[in-house]
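Novice: One file: entry.pdb (PDB, C-alpha atoms).
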ATOM      1  CA  MET K1009      99.784  72.052 129.063
ATOM      2  CA  THR K1010      98.654  72.474 125.458
ATOM      3  CA  HIS K1011      96.028  74.876 124.184
ATOM      4  CA  ASP K1012      93.641  75.051 121.248
ATOM      5  CA  GLY K1013      94.825  77.590 118.712
ATOM      6  CA  LEU K1014      98.368  78.514 117.740
ATOM      7  CA  GLU K1015     101.103  78.217 120.345
ATOM      8  CA  LEU K1016     104.769  79.237 120.161
ATOM      9  CA  ARG K1017     107.175  77.943 122.780
ATOM     10  CA  GLY K1018     110.655  79.421 123.104
ATOM     11  CA  VAL K1019     110.895  80.431 119.457
ATOM     12  CA  SER K1020     114.250  81.970 118.526
ATOM     13  CA  ILE K1021     115.431  83.047 115.080
ATOM     14  CA  LYS K1022     118.979  84.057 114.193
ATOM     15  CA  VAL K1023     120.762  85.076 111.022
ATOM     16  CA  GLY K1024     124.540  84.972 111.280
ATOM     17  CA  ASP K1025     125.438  86.438 114.667
ATOM     18  CA  ALA K1026     122.255  88.523 114.886
ATOM     19  CA  THR K1027     119.334  87.328 117.019
ATOM     20  CA  LEU K1028     116.037  88.498 115.522
ATOM     21  CA  VAL K1029     113.594  86.689 117.814
ATOM     22  CA  ASP K1030     114.719  85.535 121.248
ATOM     23  CA  GLY K1031     112.756  82.883 123.131
ATOM     24  CA  LEU K1032     109.255  84.029 122.166
ATOM     25  CA  ASP K1033     106.346  82.365 123.971
ATOM     26  CA  LEU K1034     102.911  83.141 122.600
ATOM     27  CA  CYS K1035      99.418  81.591 122.564
ATOM     28  CA  VAL K1036      96.844  82.781 120.014
ATOM     29  CA  ALA K1037      93.372  81.481 120.807
ATOM     30  CA  PRO K1038      90.819  80.451 118.148
ATOM     31  CA  GLY K1039      89.255  83.627 116.712
ATOM     32  CA  GLU K1040      91.856  85.887 118.341
ATOM     33  CA  VAL K1041      93.975  88.348 116.362
ATOM     34  CA  VAL K1042      97.418  89.073 117.830
ATOM     35  CA  THR K1043      99.572  91.766 116.218
ATOM     36  CA  VAL K1044     103.362  91.469 115.911
ATOM     37  CA  MET K1045     105.090  94.819 115.472
ATOM     38  CA  GLY K1046     108.664  95.976 115.107
ATOM     39  CA  PRO K1047     110.841  97.942 112.704
ATOM     40  CA  SER K1048     112.096  96.590 109.381
ATOM     41  CA  GLY K1049     114.579  93.779 109.935
ATOM     42  CA  SER K1050     113.291  92.904 113.413
ATOM     43  CA  GLY K1051     112.211  89.405 112.342
ATOM     44  CA  LYS K1052     108.464  89.855 111.842
ATOM     45  CA  SER K1053     108.245  88.170 108.432
ATOM     46  CA  SER K1054     110.879  85.587 109.409
ATOM     47  CA  LEU K1055     108.681  84.598 112.360
ATOM     48  CA  LEU K1056     105.709  84.000 110.039
ATOM     49  CA  ALA K1057     107.930  82.066 107.626
ATOM     50  CA  PHE K1058     109.109  79.799 110.472
ATOM     51  CA  ILE K1059     105.528  79.157 111.581
ATOM     52  CA  GLY K1060     104.432  78.509 107.991
ATOM     53  CA  GLY K1061     107.316  76.140 107.294
ATOM     54  CA  PHE K1062     109.069  78.129 104.580
ATOM     55  CA  LEU K1063     111.862  79.951 106.437
ATOM     56  CA  ASP K1064     114.947  80.517 104.282
ATOM     57  CA  PRO K1065     117.767  78.097 105.252
ATOM     58  CA  ALA K1066     120.033  81.130 105.800
ATOM     59  CA  PHE K1067     118.155  81.602 109.089
ATOM     60  CA  ALA K1068     118.606  79.364 112.129
ATOM     61  CA  ALA K1069     115.392  78.814 114.078
ATOM     62  CA  SER K1070     114.506  76.819 117.175
ATOM     63  CA  GLY K1071     111.516  76.351 119.456
ATOM     64  CA  GLU K1072     108.162  74.631 119.189
ATOM     65  CA  ILE K1073     105.136  75.504 117.089
ATOM     66  CA  LEU K1074     101.878  73.799 118.013
ATOM     67  CA  LEU K1075      98.487  74.027 116.340
ATOM     68  CA  ASP K1076      95.550  72.750 118.393
ATOM     69  CA  GLY K1077      98.078  70.964 120.603
ATOM     70  CA  ALA K1078      99.909  69.141 117.784
ATOM     71  CA  SER K1079     103.522  69.939 116.879
ATOM     72  CA  LEU K1080     104.129  71.176 113.334
ATOM     73  CA  ALA K1081     107.875  70.476 113.396
ATOM     74  CA  ALA K1082     107.800  67.411 111.135
ATOM     75  CA  LEU K1083     105.273  68.800 108.641
ATOM     76  CA  PRO K1084     106.137  70.504 105.345
ATOM     77  CA  ALA K1085     104.568  73.887 104.603
ATOM     78  CA  GLN K1086     101.710  72.398 102.563
ATOM     79  CA  GLY K1087     100.792  70.002 105.371
ATOM     80  CA  ARG K1088     100.525  72.564 108.150
ATOM     81  CA  ARG K1089      96.991  73.834 107.384
ATOM     82  CA  ILE K1090      98.146  77.423 107.844
ATOM     83  CA  GLY K1091      96.842  80.124 105.522
ATOM     84  CA  ILE K1092      98.936  83.174 104.743
ATOM     85  CA  LEU K1093      98.208  86.504 103.103
ATOM     86  CA  PHE K1094     101.034  88.697 101.841
ATOM     87  CA  GLN K1095     101.191  92.356 100.822
ATOM     88  CA  ASP K1096     100.996  91.216  97.182
ATOM     89  CA  ASP K1097      97.790  89.302  96.394
ATOM     90  CA  LEU K1098      99.682  86.682  94.298
ATOM     91  CA  LEU K1099      96.666  85.875  92.108
ATOM     92  CA  PHE K1100      97.475  83.735  89.084
ATOM     93  CA  PRO K1101      97.242  86.002  86.011
ATOM     94  CA  HIS K1102      96.482  83.101  83.632
ATOM     95  CA  LEU K1103      93.419  81.988  85.626
ATOM     96  CA  SER K1104      90.005  83.618  85.942
ATOM     97  CA  VAL K1105      88.692  84.674  89.349
ATOM     98  CA  ARG K1106      86.895  81.329  89.504
ATOM     99  CA  GLY K1107      90.096  79.476  88.581
ATOM    100  CA  ASN K1108      92.023  81.280  91.293
ATOM    101  CA  LEU K1109      89.429  80.415  93.919
ATOM    102  CA  ALA K1110      89.107  76.803  92.750
ATOM    103  CA  PHE K1111      92.878  76.449  93.121
ATOM    104  CA  GLY K1112      92.466  76.974  96.868
ATOM    105  CA  LEU K1113      89.813  74.289  97.320
ATOM    106  CA  THR K1114      90.740  71.205  99.307
ATOM    107  CA  GLN K1115      90.722  67.784  97.636
ATOM    108  CA  ASP K1116      87.741  66.642  99.694
ATOM    109  CA  VAL K1117      85.443  68.986  97.725
ATOM    110  CA  ARG K1118      84.759  66.639  94.830
ATOM    111  CA  GLY K1119      82.831  67.049  91.605
ATOM    112  CA  ARG K1120      82.487  70.090  89.360
ATOM    113  CA  ALA K1121      79.089  71.134  90.749
ATOM    114  CA  ALA K1122      80.241  71.007  94.367
ATOM    115  CA  ARG K1123      83.428  72.929  93.592
ATOM    116  CA  LEU K1124      81.546  75.592  91.623
ATOM    117  CA  ALA K1125      79.064  75.952  94.479
ATOM    118  CA  ARG K1126      81.890  76.569  96.965
ATOM    119  CA  VAL K1127      83.472  79.143  94.661
ATOM    120  CA  ASP K1128      80.161  80.953  94.189
ATOM    121  CA  GLU K1129      79.572  80.948  97.946
ATOM    122  CA  ALA K1130      83.007  82.519  98.475
ATOM    123  CA  LEU K1131      82.293  85.187  95.841
ATOM    124  CA  GLU K1132      79.006  85.998  97.548
ATOM    125  CA  GLN K1133      80.743  86.313 100.932
ATOM    126  CA  ALA K1134      83.257  88.674  99.329
ATOM    127  CA  GLY K1135      80.524  90.790  97.710
ATOM    128  CA  LEU K1136      81.788  89.758  94.262
ATOM    129  CA  GLU K1137      78.817  87.899  92.802
ATOM    130  CA  GLY K1138      79.043  87.814  89.016
ATOM    131  CA  PHE K1139      82.852  88.128  88.998
ATOM    132  CA  ARG K1140      83.432  84.410  88.416
ATOM    133  CA  ASP K1141      84.750  84.666  84.844
ATOM    134  CA  ARG K1142      86.630  87.951  85.240
ATOM    135  CA  ASP K1143      90.335  88.269  84.511
ATOM    136  CA  PRO K1144      92.118  89.268  87.778
ATOM    137  CA  ALA K1145      93.816  92.113  85.860
ATOM    138  CA  THR K1146      90.410  93.813  85.499
ATOM    139  CA  LEU K1147      89.786  93.915  89.261
ATOM    140  CA  SER K1148      90.494  96.818  91.585
ATOM    141  CA  GLY K1149      93.107  96.451  94.325
ATOM    142  CA  GLY K1150      90.416  95.903  96.953
ATOM    143  CA  GLN K1151      88.628  93.282  94.854
ATOM    144  CA  ARG K1152      91.891  91.412  94.207
ATOM    145  CA  ALA K1153      92.653  91.452  97.935
ATOM    146  CA  ARG K1154      89.247  89.937  98.705
ATOM    147  CA  VAL K1155      89.728  87.187  96.138
ATOM    148  CA  ALA K1156      93.156  86.422  97.646
ATOM    149  CA  LEU K1157      91.647  86.097 101.127
ATOM    150  CA  MET K1158      88.800  83.865  99.958
ATOM    151  CA  ARG K1159      91.256  81.625  98.078
ATOM    152  CA  THR K1160      93.254  81.257 101.295
ATOM    153  CA  LEU K1161      90.120  80.439 103.321
ATOM    154  CA  LEU K1162      88.851  77.894 100.765
ATOM    155  CA  ALA K1163      91.948  75.826 101.546
ATOM    156  CA  GLY K1164      90.472  75.206 105.011
ATOM    157  CA  PRO K1165      93.294  76.601 107.164
ATOM    158  CA  LYS K1166      93.350  76.096 110.931
ATOM    159  CA  ALA K1167      95.318  79.318 111.490
ATOM    160  CA  LEU K1168      95.910  82.515 109.537
ATOM    161  CA  LEU K1169      99.127  84.515 109.114
ATOM    162  CA  LEU K1170      98.897  88.070 107.791
ATOM    163  CA  ASP K1171     102.171  89.519 106.481
ATOM    164  CA  GLU K1172     101.311  93.211 106.011
ATOM    165  CA  PRO K1173      98.451  92.379 103.604
ATOM    166  CA  PHE K1174      96.951  95.877 103.870
ATOM    167  CA  GLY K1175     100.166  97.743 103.000
ATOM    168  CA  LYS K1176      99.496  98.470  99.320
ATOM    169  CA  LEU K1177      95.878  99.581  99.677
ATOM    170  CA  ASP K1178      94.875 103.228  99.983
ATOM    171  CA  ARG K1179      93.287 104.347 103.271
ATOM    172  CA  PRO K1180      89.550 103.771 102.633
ATOM    173  CA  LEU K1181      90.217 100.383 100.995
ATOM    174  CA  ARG K1182      92.653  99.478 103.747
ATOM    175  CA  LYS K1183      90.048 100.098 106.452
ATOM    176  CA  ASP K1184      87.372  98.085 104.610
ATOM    177  CA  PHE K1185      89.671  95.163 103.838
ATOM    178  CA  ARG K1186      91.028  95.051 107.388
ATOM    179  CA  GLU K1187      87.492  94.746 108.739
ATOM    180  CA  PHE K1188      86.694  92.100 106.121
ATOM    181  CA  VAL K1189      89.739  89.989 107.029
ATOM    182  CA  PHE K1190      89.261  90.214 110.806
ATOM    183  CA  GLU K1191      85.536  89.462 110.511
ATOM    184  CA  HIS K1192      86.158  86.291 108.483
ATOM    185  CA  ALA K1193      89.000  85.136 110.735
ATOM    186  CA  ARG K1194      86.836  85.511 113.842
ATOM    187  CA  MET K1195      83.766  84.000 112.187
ATOM    188  CA  ARG K1196      85.793  80.876 111.372
ATOM    189  CA  GLY K1197      87.514  80.764 114.763
ATOM    190  CA  LEU K1198      91.004  81.049 113.246
ATOM    191  CA  PRO K1199      93.925  81.996 115.483
ATOM    192  CA  THR K1200      95.410  84.900 113.537
ATOM    193  CA  LEU K1201      98.835  86.502 113.676
ATOM    194  CA  LEU K1202      99.142  89.918 112.005
ATOM    195  CA  VAL K1203     102.550  91.383 111.157
ATOM    196  CA  THR K1204     102.586  95.131 110.581
ATOM    197  CA  HIS K1205     104.495  98.310 111.322
ATOM    198  CA  ASP K1206     101.302 100.396 111.133
ATOM    199  CA  ALA K1207      99.751 101.309 114.495
ATOM    200  CA  GLU K1208      96.328 101.708 112.825
ATOM    201  CA  ASP K1209      96.385  98.044 111.777
ATOM    202  CA  ALA K1210      97.150  97.015 115.367
ATOM    203  CA  GLU K1211      94.395  99.243 116.730
ATOM    204  CA  ALA K1212      91.869  97.836 114.234
ATOM    205  CA  ALA K1213      92.825  94.270 115.197
ATOM    206  CA  GLY K1214      91.874  95.199 118.740
ATOM    207  CA  GLY K1215      93.846  92.441 120.433
ATOM    208  CA  ARG K1216      97.234  91.978 122.052
ATOM    209  CA  VAL K1217     100.357  93.485 120.524
ATOM    210  CA  VAL K1218     103.788  91.836 120.641
ATOM    211  CA  ASP K1219     106.662  94.243 120.009
ATOM    212  CA  LEU K1220     109.636  92.215 118.749
ATOM    213  CA  GLU K1221     112.035  95.050 119.444
ATOM    214  CA  ALA K1222     110.972  95.080 123.093
ATOM    215  CA  ALA K1223     110.520  91.313 123.432
TER     216      ALA K1223
END
Represent the structure contained in this file as structure tokens.
Specialist:
Amino acid sequence: MTHDGLELRGVSIKVGDATLVDGLDLCVAPGEVVTVMGPSGSGKSSLLAFIGGFLDPAFAASGEILLDGASLAALPAQGRRIGILFQDDLLFPHLSVRGNLAFGLTQDVRGRAARLARVDEALEQAGLEGFRDRDPATLSGGQRARVALMRTLLAGPKALLLDEPFGKLDRPLRKDFREFVFEHARMRGLPTLLVTHDAEDAEAAGGRVVDLEAA
């Protein structure tokens, strides 16, 4: 039986003789945030890389990944419709805020006016109206994080992977950005997998927690 959302069936990841993830079964429903926890080296980021289609060939992985009932096995990373946010915002320094956001837009948004309208809408949703022509270097850490999330969402993902994206923010910013990310993920009905080693992140997500060390 297949489910809407993100589904993992018997996912195992090994490196050399070490098993990092062993036969993980997991369903993440649309709009649900599931947290994956575990110490450093337990396979949290490797799991996201396998789902996203960019796992280093040094790792051996097996199992099925399905998104809305369709297998992702044959699809390259760019064809999987999975958005990912990392601890580093990875904004392009040579592009303005608008350029960074426009980079995320899907090809079906055609014409300069339509693309500008989508960028402006994203800036408004992020509380960054008027920041269109700013250099990313002039933004605060929280503002950069919001731009990174909106760029990811403009690509029209069907699922969202969060690889410790709150780790570099100080506490007040971290709380605000967490709420911002979870709100947008739920509003768009995105199955979301959060990797963290911070219990506060898991508590804020408010959903199920998978402990890789105990799994």
Novice: Please write as a count of residues only the full residue list that the PyMOL selection byres ((chain K and resi 1198-1214) around 8) yields on this file.
Specialist: 35
Novice: Name all residues at most 12 Å from segment 1106-1123 of chain K (count all atoms listed in the file; drop same-chain ones fewer than 4 positions away) and give them as a ChimeraX atom specification.
Specialist: /K:1086-1087,1089,1091-1092,1097-1102,1127-1131,1134,1136-1144,1152,1154-1165
Novice: Just give me the gap between atom CA of Ser1020 of chain K and atom CA of Asp1096 of chain K in Å, one decimal is fine.
Specialist: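 Straight-line distance from atom CA of Ser1020 of chain K to atom CA of Asp1096 of chain K works out to 26.8 Å.
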Novice: What do you get, as a list in words, if you spell out every residue that the PyMOL selection byres ((chain K and resi 1026) around 12) selects here?
Specialist: Ser1020, Ile1021, Lys1022, Val1023, Gly1024, Asp1025, Thr1027, Leu1028, Val1029, Asp1030, Gly1049, Ser1050, Gly1051, Ala1066, Phe1067, Ala1068 and Ala1069 of chain K
Novice: Keeping only C-alpha atoms, write the selected residues as a PDB file, in the frame of the given file.
Specialist:
ATOM      1  CA  SER K1020     114.250  81.970 118.526  1.00  0.00           C
ATOM      2  CA  ILE K1021     115.431  83.047 115.080  1.00  0.00           C
ATOM      3  CA  LYS K1022     118.979  84.057 114.193  1.00  0.00           C
ATOM      4  CA  VAL K1023     120.762  85.076 111.022  1.00  0.00           C
ATOM      5  CA  GLY K1024     124.540  84.972 111.280  1.00  0.00           C
ATOM      6  CA  ASP K1025     125.438  86.438 114.667  1.00  0.00           C
ATOM      7  CA  THR K1027     119.334  87.328 117.019  1.00  0.00           C
ATOM      8  CA  LEU K1028     116.037  88.498 115.522  1.00  0.00           C
ATOM      9  CA  VAL K1029     113.594  86.689 117.814  1.00  0.00           C
ATOM     10  CA  ASP K1030     114.719  85.535 121.248  1.00  0.00           C
ATOM     11  CA  GLY K1049     114.579  93.779 109.935  1.00  0.00           C
ATOM     12  CA  SER K1050     113.291  92.904 113.413  1.00  0.00           C
ATOM     13  CA  GLY K1051     112.211  89.405 112.342  1.00  0.00           C
ATOM     14  CA  ALA K1066     120.033  81.130 105.800  1.00  0.00           C
ATOM     15  CA  PHE K1067     118.155  81.602 109.089  1.00  0.00           C
ATOM     16  CA  ALA K1068     118.606  79.364 112.129  1.00  0.00           C
ATOM     17  CA  ALA K1069     115.392  78.814 114.078  1.00  0.00           C
TER      18      ALA K1069
END
Novice: Can you pull out the residues contacting Ile1073 of chain K? Cut-off 9 Å, using all atoms listed in the file, and skip same-chain residues under 5 positions away; I want them as a list of chain:residue names.
Specialist: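 Here the answer would be K:Leu1014, K:Glu1015, K:Leu1016, K:Arg1017, K:Val1019, K:Phe1058, K:Ile1059, K:Ala1078, K:Ser1079, K:Leu1080, K:Ala1081.
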Novice: Extract, using all atoms listed in the file, all DNA, RNA and protein residues at most 10 Å from Asp1184 of chain K, discarding same-chain residues fewer than 6 positions from it, and format them as a short mmCIF file (atom, residue, chain, number, x, y, z; two decimals) with C-alpha atoms, in the frame of the given file.
Specialist:
data_model
loop_
_atom_site.label_atom_id
_atom_site.label_comp_id
_atom_site.auth_asym_id
_atom_site.auth_seq_id
_atom_site.Cartn_x
_atom_site.Cartn_y
_atom_site.Cartn_z
CA GLY K 1150 90.42 95.90 96.95
CA PHE K 1174 96.95 95.88 103.87
CA LEU K 1177 95.88 99.58 99.68
#
Novice: In Å, how far is it from atom CA of Leu1032 of chain K to atom CA of Pro1084 of chain K?
Specialist: 21.8 Å
